Amino acid sequence: MIAEGCCAPLVAAPLTAEQAVDLARAFKALGDPVRLRLLSLITSAEGESCVCDLTAAFDLTGPTISHHLKVLREAGLVDSERRGTWVYYRPRVKDLGQLSALLATPGLAPA
């Protein structure tokens, strides 16, 4: 889970050791193509996404998708709620916003 009060853009202030550990977990979770795509599917859905719909979007087994979703959940990027047989996922907008703010580099143009 991303530390409370995180984060000023990297160009504005250095990270504390604790912030770096928390953020590294989130970025590591996003470093896998399957997890990045899962997060994209979850955040682009209106409201929430059923695991049944997420699994159908991949040529992977259900347990593999569940593992990737668990990593995203443990990194604080998504929340989940079980309803009967299915689990529904929604983005943690505040934490995703903090990641985005961290990478914001005002005044720096892309190369």
# chains A, B, ... in the order shown; residues from 1 in each chain; ligands from 1
call {"tool": "select_by_dssp", "arguments": {"residues": "chain A", "states": "alpha helix (DSSP H)", "output": "JSON, numbers by chain"}}
result
{"A": [17, 18, 19, 20, 21, 22, 23, 24, 25, 26, 27, 28, 29, 30, 33, 34, 35, 36, 37, 38, 39, 40, 41, 42, 43, 44, 51, 52, 53, 54, 55, 56, 62, 63, 64, 65, 66, 67, 68, 69, 70, 71, 72, 73, 74, 93, 94, 95, 96, 97, 98, 99, 100, 101, 102, 103]}
call {"tool": "residues_around", "arguments": {"residues": "segment 24-32 of chain A", "least_positions_apart": "5", "cutoff": "10 Å", "atoms": "only C-alpha atoms", "output": "PyMOL selection string"}}
result
chain A and resi 1-2+18-19+37-39+68-77+95-96+99
call {"tool": "write_last_selection", "arguments": {"atoms": "N, CA and C atoms", "output": "PDB file, in the first residue's frame"}}
result
ATOM      1  N   MET A   1       0.844  -1.178   0.000  1.00  0.00           N
ATOM      2  CA  MET A   1       0.000   0.000   0.000  1.00  0.00           C
ATOM      3  C   MET A   1       0.886   1.236   0.000  1.00  0.00           C
ATOM      4  N   ILE A   2       0.538   2.195  -0.773  1.00  0.00           N
ATOM      5  CA  ILE A   2       1.350   3.400  -0.913  1.00  0.00           C
ATOM      6  C   ILE A   2       1.225   4.240   0.347  1.00  0.00           C
ATOM      7  N   GLU A  18      11.111   4.798   3.466  1.00  0.00           N
ATOM      8  CA  GLU A  18       9.818   4.107   3.541  1.00  0.00           C
ATOM      9  C   GLU A  18       9.001   4.324   2.274  1.00  0.00           C
ATOM     10  N   GLN A  19       8.963   5.550   1.785  1.00  0.00           N
ATOM     11  CA  GLN A  19       8.238   5.830   0.547  1.00  0.00           C
ATOM     12  C   GLN A  19       8.827   5.035  -0.612  1.00  0.00           C
ATOM     13  N   ARG A  37      -1.716  -4.835 -18.061  1.00  0.00           N
ATOM     14  CA  ARG A  37      -2.942  -4.939 -18.864  1.00  0.00           C
ATOM     15  C   ARG A  37      -4.174  -5.129 -17.978  1.00  0.00           C
ATOM     16  N   LEU A  38      -4.050  -5.951 -16.933  1.00  0.00           N
ATOM     17  CA  LEU A  38      -5.166  -6.120 -15.999  1.00  0.00           C
ATOM     18  C   LEU A  38      -5.561  -4.789 -15.373  1.00  0.00           C
ATOM     19  N   LEU A  39      -4.565  -4.024 -14.924  1.00  0.00           N
ATOM     20  CA  LEU A  39      -4.865  -2.727 -14.325  1.00  0.00           C
ATOM     21  C   LEU A  39      -5.534  -1.812 -15.336  1.00  0.00           C
ATOM     22  N   HIS A  68      -1.952 -12.751 -10.446  1.00  0.00           N
ATOM     23  CA  HIS A  68      -1.607 -11.393 -10.872  1.00  0.00           C
ATOM     24  C   HIS A  68      -2.506 -10.360 -10.191  1.00  0.00           C
ATOM     25  N   LEU A  69      -3.783 -10.676 -10.035  1.00  0.00           N
ATOM     26  CA  LEU A  69      -4.697  -9.763  -9.350  1.00  0.00           C
ATOM     27  C   LEU A  69      -4.321  -9.622  -7.872  1.00  0.00           C
ATOM     28  N   LYS A  70      -3.868 -10.700  -7.264  1.00  0.00           N
ATOM     29  CA  LYS A  70      -3.426 -10.651  -5.873  1.00  0.00           C
ATOM     30  C   LYS A  70      -2.221  -9.723  -5.729  1.00  0.00           C
ATOM     31  N   VAL A  71      -1.295  -9.796  -6.662  1.00  0.00           N
ATOM     32  CA  VAL A  71      -0.119  -8.913  -6.622  1.00  0.00           C
ATOM     33  C   VAL A  71      -0.558  -7.455  -6.729  1.00  0.00           C
ATOM     34  N   LEU A  72      -1.477  -7.161  -7.637  1.00  0.00           N
ATOM     35  CA  LEU A  72      -1.990  -5.784  -7.772  1.00  0.00           C
ATOM     36  C   LEU A  72      -2.682  -5.333  -6.491  1.00  0.00           C
ATOM     37  N   ARG A  73      -3.441  -6.235  -5.881  1.00  0.00           N
ATOM     38  CA  ARG A  73      -4.150  -5.906  -4.641  1.00  0.00           C
ATOM     39  C   ARG A  73      -3.158  -5.657  -3.505  1.00  0.00           C
ATOM     40  N   GLU A  74      -2.158  -6.528  -3.371  1.00  0.00           N
ATOM     41  CA  GLU A  74      -1.168  -6.363  -2.300  1.00  0.00           C
ATOM     42  C   GLU A  74      -0.306  -5.120  -2.499  1.00  0.00           C
ATOM     43  N   ALA A  75      -0.159  -4.674  -3.738  1.00  0.00           N
ATOM     44  CA  ALA A  75       0.604  -3.455  -4.020  1.00  0.00           C
ATOM     45  C   ALA A  75      -0.243  -2.206  -3.785  1.00  0.00           C
ATOM     46  N   GLY A  76      -1.513  -2.379  -3.451  1.00  0.00           N
ATOM     47  CA  GLY A  76      -2.383  -1.242  -3.166  1.00  0.00           C
ATOM     48  C   GLY A  76      -2.922  -0.545  -4.394  1.00  0.00           C
ATOM     49  N   LEU A  77      -2.935  -1.236  -5.531  1.00  0.00           N
ATOM     50  CA  LEU A  77      -3.391  -0.608  -6.773  1.00  0.00           C
ATOM     51  C   LEU A  77      -4.855  -0.881  -7.083  1.00  0.00           C
ATOM     52  N   ASP A  95      -4.456   6.072  -4.799  1.00  0.00           N
ATOM     53  CA  ASP A  95      -3.097   5.552  -4.871  1.00  0.00           C
ATOM     54  C   ASP A  95      -2.530   5.646  -6.282  1.00  0.00           C
ATOM     55  N   LEU A  96      -3.357   5.403  -7.284  1.00  0.00           N
ATOM     56  CA  LEU A  96      -2.897   5.555  -8.666  1.00  0.00           C
ATOM     57  C   LEU A  96      -2.579   7.007  -8.961  1.00  0.00           C
ATOM     58  N   LEU A  99       0.854   7.786  -7.621  1.00  0.00           N
ATOM     59  CA  LEU A  99       1.924   7.326  -8.517  1.00  0.00           C
ATOM     60  C   LEU A  99       2.107   8.303  -9.668  1.00  0.00           C
TER      61      LEU A  99
END
call {"tool": "atom_distance", "arguments": {"atom1": "atom CA of Thr61 of chain A", "atom2": "atom CA of Ser80 of chain A"}}
result
19.3 Å
call {"tool": "residues_around", "arguments": {"residues": "Thr85 of chain A", "least_positions_apart": "5", "cutoff": "12 Å", "atoms": "only C-alpha atoms", "output": "PyMOL selection string"}}
result
chain A and resi 50-52
call {"tool": "select_by_dssp", "arguments": {"residues": "chain A", "states": "strand (DSSP E or B)", "output": "PyMOL selection string"}}
result
chain A and resi 49-50+78-83+86-91
call {"tool": "write_last_selection", "arguments": {"atoms": "N, CA, C and O atoms", "output": "PDB file, in the first residue's frame"}}
result
ATOM      1  N   SER A  49     -14.764  -4.355 -12.294  1.00  0.00           N
ATOM      2  CA  SER A  49     -14.641  -5.444 -13.260  1.00  0.00           C
ATOM      3  C   SER A  49     -14.747  -6.775 -12.536  1.00  0.00           C
ATOM      4  O   SER A  49     -14.096  -6.979 -11.514  1.00  0.00           O
ATOM      5  N   CYS A  50     -15.529  -7.679 -13.114  1.00  0.00           N
ATOM      6  CA  CYS A  50     -15.649  -9.025 -12.575  1.00  0.00           C
ATOM      7  C   CYS A  50     -14.443  -9.846 -13.031  1.00  0.00           C
ATOM      8  O   CYS A  50     -14.009  -9.732 -14.185  1.00  0.00           O
ATOM      9  N   VAL A  78      -5.387  -1.975  -6.552  1.00  0.00           N
ATOM     10  CA  VAL A  78      -6.800  -2.305  -6.750  1.00  0.00           C
ATOM     11  C   VAL A  78      -7.389  -2.804  -5.437  1.00  0.00           C
ATOM     12  O   VAL A  78      -6.676  -3.285  -4.556  1.00  0.00           O
ATOM     13  N   ASP A  79      -8.693  -2.670  -5.320  1.00  0.00           N
ATOM     14  CA  ASP A  79      -9.461  -3.261  -4.223  1.00  0.00           C
ATOM     15  C   ASP A  79     -10.348  -4.336  -4.820  1.00  0.00           C
ATOM     16  O   ASP A  79     -10.663  -4.299  -6.026  1.00  0.00           O
ATOM     17  N   SER A  80     -10.778  -5.271  -3.981  1.00  0.00           N
ATOM     18  CA  SER A  80     -11.648  -6.332  -4.467  1.00  0.00           C
ATOM     19  C   SER A  80     -12.757  -6.605  -3.465  1.00  0.00           C
ATOM     20  O   SER A  80     -12.636  -6.288  -2.277  1.00  0.00           O
ATOM     21  N   GLU A  81     -13.826  -7.201  -3.996  1.00  0.00           N
ATOM     22  CA  GLU A  81     -14.961  -7.572  -3.157  1.00  0.00           C
ATOM     23  C   GLU A  81     -15.559  -8.848  -3.720  1.00  0.00           C
ATOM     24  O   GLU A  81     -15.877  -8.924  -4.915  1.00  0.00           O
ATOM     25  N   ARG A  82     -15.686  -9.860  -2.859  1.00  0.00           N
ATOM     26  CA  ARG A  82     -16.289 -11.126  -3.279  1.00  0.00           C
ATOM     27  C   ARG A  82     -17.803 -11.014  -3.150  1.00  0.00           C
ATOM     28  O   ARG A  82     -18.316 -10.575  -2.138  1.00  0.00           O
ATOM     29  N   ARG A  83     -18.486 -11.450  -4.213  1.00  0.00           N
ATOM     30  CA  ARG A  83     -19.946 -11.526  -4.212  1.00  0.00           C
ATOM     31  C   ARG A  83     -20.321 -12.891  -4.756  1.00  0.00           C
ATOM     32  O   ARG A  83     -20.270 -13.115  -5.965  1.00  0.00           O
ATOM     33  N   TRP A  86     -18.072 -14.852  -7.598  1.00  0.00           N
ATOM     34  CA  TRP A  86     -17.180 -13.950  -8.323  1.00  0.00           C
ATOM     35  C   TRP A  86     -16.560 -12.890  -7.431  1.00  0.00           C
ATOM     36  O   TRP A  86     -17.132 -12.485  -6.431  1.00  0.00           O
ATOM     37  N   VAL A  87     -15.396 -12.427  -7.871  1.00  0.00           N
ATOM     38  CA  VAL A  87     -14.709 -11.324  -7.201  1.00  0.00           C
ATOM     39  C   VAL A  87     -14.713 -10.140  -8.168  1.00  0.00           C
ATOM     40  O   VAL A  87     -14.446 -10.301  -9.362  1.00  0.00           O
ATOM     41  N   TYR A  88     -15.024  -8.971  -7.650  1.00  0.00           N
ATOM     42  CA  TYR A  88     -15.074  -7.744  -8.450  1.00  0.00           C
ATOM     43  C   TYR A  88     -13.929  -6.837  -8.031  1.00  0.00           C
ATOM     44  O   TYR A  88     -13.646  -6.676  -6.838  1.00  0.00           O
ATOM     45  N   TYR A  89     -13.288  -6.232  -9.017  1.00  0.00           N
ATOM     46  CA  TYR A  89     -12.121  -5.386  -8.791  1.00  0.00           C
ATOM     47  C   TYR A  89     -12.413  -3.956  -9.222  1.00  0.00           C
ATOM     48  O   TYR A  89     -13.112  -3.722 -10.204  1.00  0.00           O
ATOM     49  N   ARG A  90     -11.851  -3.016  -8.469  1.00  0.00           N
ATOM     50  CA  ARG A  90     -11.959  -1.596  -8.808  1.00  0.00           C
ATOM     51  C   ARG A  90     -10.610  -0.940  -8.505  1.00  0.00           C
ATOM     52  O   ARG A  90      -9.895  -1.374  -7.594  1.00  0.00           O
ATOM     53  N   PRO A  91     -10.261   0.084  -9.260  1.00  0.00           N
ATOM     54  CA  PRO A  91      -8.966   0.739  -9.038  1.00  0.00           C
ATOM     55  C   PRO A  91      -8.970   1.543  -7.746  1.00  0.00           C
ATOM     56  O   PRO A  91     -10.008   2.048  -7.314  1.00  0.00           O
TER      57      PRO A  91
END
call {"tool": "closest_residue", "arguments": {"among": "A:Ala17, A:Leu60, A:Leu23, A:Leu36", "to": "Leu103 of chain A", "atoms": "only C-alpha atoms"}}
result
A:Leu23
call {"tool": "atom_distance", "arguments": {"atom1": "atom CA of Asp59 of chain A", "atom2": "atom CA of Arg35 of chain A"}}
result
13.6 Å
call {"tool": "closest_residue", "arguments": {"among": "A:Ala20, A:Val93, A:Gly84, A:Ile42", "to": "Ala57 of chain A", "atoms": "only C-alpha atoms"}}
result
A:Ile42
call {"tool": "atom_distance", "arguments": {"atom1": "atom CA of Gly47 of chain A", "atom2": "atom CA of Ala101 of chain A"}}
result
22.4 Å
